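**Student:** I am attaching a structure below and will ask some questions about it afterwards.
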Amino acid sequence: MEEFRTCLEAVVMSRGGMGLCARYNDLIENDSYLERFLLARNGDMKKGAEMLADHLQWRCDYKVDSILSEEKMQQIEQEKEMEWLEMTDKVGRPCLLWRVRLHNAAARGPETSSRFFVYMLEKGFSRTSPDGKMNLIVDLEGVNMKENSDLAMLRYAAPMIQNNYPERQNQTYILAVSAAISLTWKVAAKFLDQGTCEKVKLLKNSEMHRLAGVFHGPSCARFTDRIR
């Protein structure tokens, strides 16, 4: 990774932002962290370095380093819309649950909702994972499409998440999928890259049992009934 680090420093210096390297030295010295950005650009060092330089600048501008201490984000977390479950997949990757029925698009707006998603990701990535990846369960049980659907958030969040958290997604499971939701997914998928879409699995209520073969841990038994 030393060659990639050198390439990154050259990119950052060309932008006049050498202070970023000092600020995020712990990330730059983390081979696994660097490898994700390199893989996201298919091993192209220049493109990977540019992506990582953009990411470091984003972390600084978006104030990611202090996001876990933000009172507003902590208050939203108490609403249990999103929750890191006490279970992992069979390999040991953590699992984030999103109860979409608790999402109030009108009350927050896409910027706040997207920032909360980043907050939850940053909180979860402190958990142990064998390859740094995680699973996302999107529970659509009880969803009111008028009140809970939020394409504005998806448009805002999707590029931000894809550009700044590459190679973090293992699988995304969307539960309680109806015919109407399948159509909505076709629209939503347009905002995601092909690699992300290929990792999304849509499950009807009758297919919920399939998750029991994927996950284990104290929360897993809730799949045999419903995630509440």
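Chain labels follow the order of the structure tokens: the first chain is A, the next B, and so on; residue numbering restarts at 1 in every chain, and ligands are counted from 1 in their shown order.
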I want to know what sits within 12 Å of stretch 117-121 of chain A, based on only C-alpha atoms, with residues of the same chain fewer than 4 positions away left out; could you give that as a VMD selection string?
**Tutor:** chain A and resid 59 62 to 78 80 to 85 94 to 98 103 110 to 113 125 to 127 132 to 136 153 to 154 156 to 158 160 to 162 164 to 165 168 to 169
**Student:** Write down as a ChimeraX atom specification the residues of stretch 57-150 of chain A whose backbone DSSP state falls under helix (DSSP H, G or I).
**Tutor:** /A:57-61,64-69,71-77,100-102,105-108,110-124,145-148
**Student:** For A:Asn163, which residue among A:Thr88, A:Gln57, A:Asn104, A:Asn144 is the nearest when counting only C-alpha atoms?
**Tutor:**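 Closest candidate: A:Gln57.
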**Student:** Go through A:Ser114, A:Gln171, A:Ser149, A:Asn30 one by one, measure the shortest atom-to-atom distance of each to A:Asp89 using only C-alpha atoms, and give the residue with the smallest value.
**Tutor:**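 The closest residue to A:Asp89 is A:Gln171.
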**Student:** Restricting the calculation to only C-alpha atoms: of A:Val143, A:Val138, A:Met18, A:Val11, which residue gets closest to A:Leu52?
**Tutor:**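 That would be A:Val11, the residue with the smallest distance to A:Leu52.
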**Student:** Residues near A:Leu34, anyone? I mean within 10 Å using only C-alpha atoms, not counting same-chain ones fewer than 5 positions away, as a PyMOL selection string.
**Tutor:** chain A and resi 1+4-5+8+27-29+39+48-49+52
**Student:** Could you write out that same residue set with C-alpha atoms as an mmCIF file, in the first residue's frame?
**Tutor:**
data_model
loop_
_atom_site.group_PDB
_atom_site.id
_atom_site.type_symbol
_atom_site.label_atom_id
_atom_site.label_comp_id
_atom_site.auth_asym_id
_atom_site.auth_seq_id
_atom_site.Cartn_x
_atom_site.Cartn_y
_atom_site.Cartn_z
ATOM 1 C CA MET A 1 0.000 0.000 0.000
ATOM 2 C CA PHE A 4 -0.872 3.980 -3.085
ATOM 3 C CA ARG A 5 -0.128 6.219 -0.075
ATOM 4 C CA LEU A 8 -2.621 9.828 -2.413
ATOM 5 C CA LEU A 27 -6.927 6.312 8.327
ATOM 6 C CA ILE A 28 -4.144 6.664 5.783
ATOM 7 C CA GLU A 29 -1.982 4.216 7.741
ATOM 8 C CA LEU A 39 -10.925 -1.830 -4.980
ATOM 9 C CA GLY A 48 -8.483 5.393 -6.125
ATOM 10 C CA ALA A 49 -6.292 8.152 -4.679
ATOM 11 C CA LEU A 52 -9.893 8.799 -1.211
#
**Student:** I want to know what sits within 10 Å of stretch 207-218 of chain A, based on only C-alpha atoms, with residues of the same chain fewer than 5 positions away left out; could you give that as a list in words?
**Tutor:**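 Residues meeting the cut-off are Leu85, Glu86, Met87, Thr88, Asp89, Lys90, Val91, Gly92, Arg93, Pro94, Cys95, Asn135, Tyr173, Leu175, Ala176, Val177, Leu202, Phe223, Thr224, Asp225 and Arg226 of chain A.
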**Student:** Would you give me, as number ranges by chain, the residues in stretch 14-204 of chain A that DSSP reads as strand (DSSP E or B)?
**Tutor:** A: 82-89, 94-99, 134-139, 169-175, 200-202
**Student:** Which residue out of A:Glu122, A:Asp54, A:Lys186, A:Leu140 has the minimum interatomic distance to A:Phe37 when only C-alpha atoms are used?
**Tutor:** A:Asp54
**Student:** Could you check how far atom CA of A:Ala179 sits from atom CA of A:Glu141, in Å to one decimal?
**Tutor:**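 These two atoms are separated by 13.4 Å.
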**Student:** Grab the atom CA of A:Thr196 to atom CA of A:Met51 distance for me, in Å with one decimal place.
**Tutor:** 17.3 Å
**Student:** Looking at A:Asn170, A:Ser32, A:Asn25, A:Gln194, which one is nearest to A:Leu56, with distances taken over only C-alpha atoms?
**Tutor:** A:Asn25
**Student:** Atom CA of A:Glu167 and atom CA of A:Val100, how far apart in Å?
**Tutor:**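 Those two atoms sit 23.9 Å apart.
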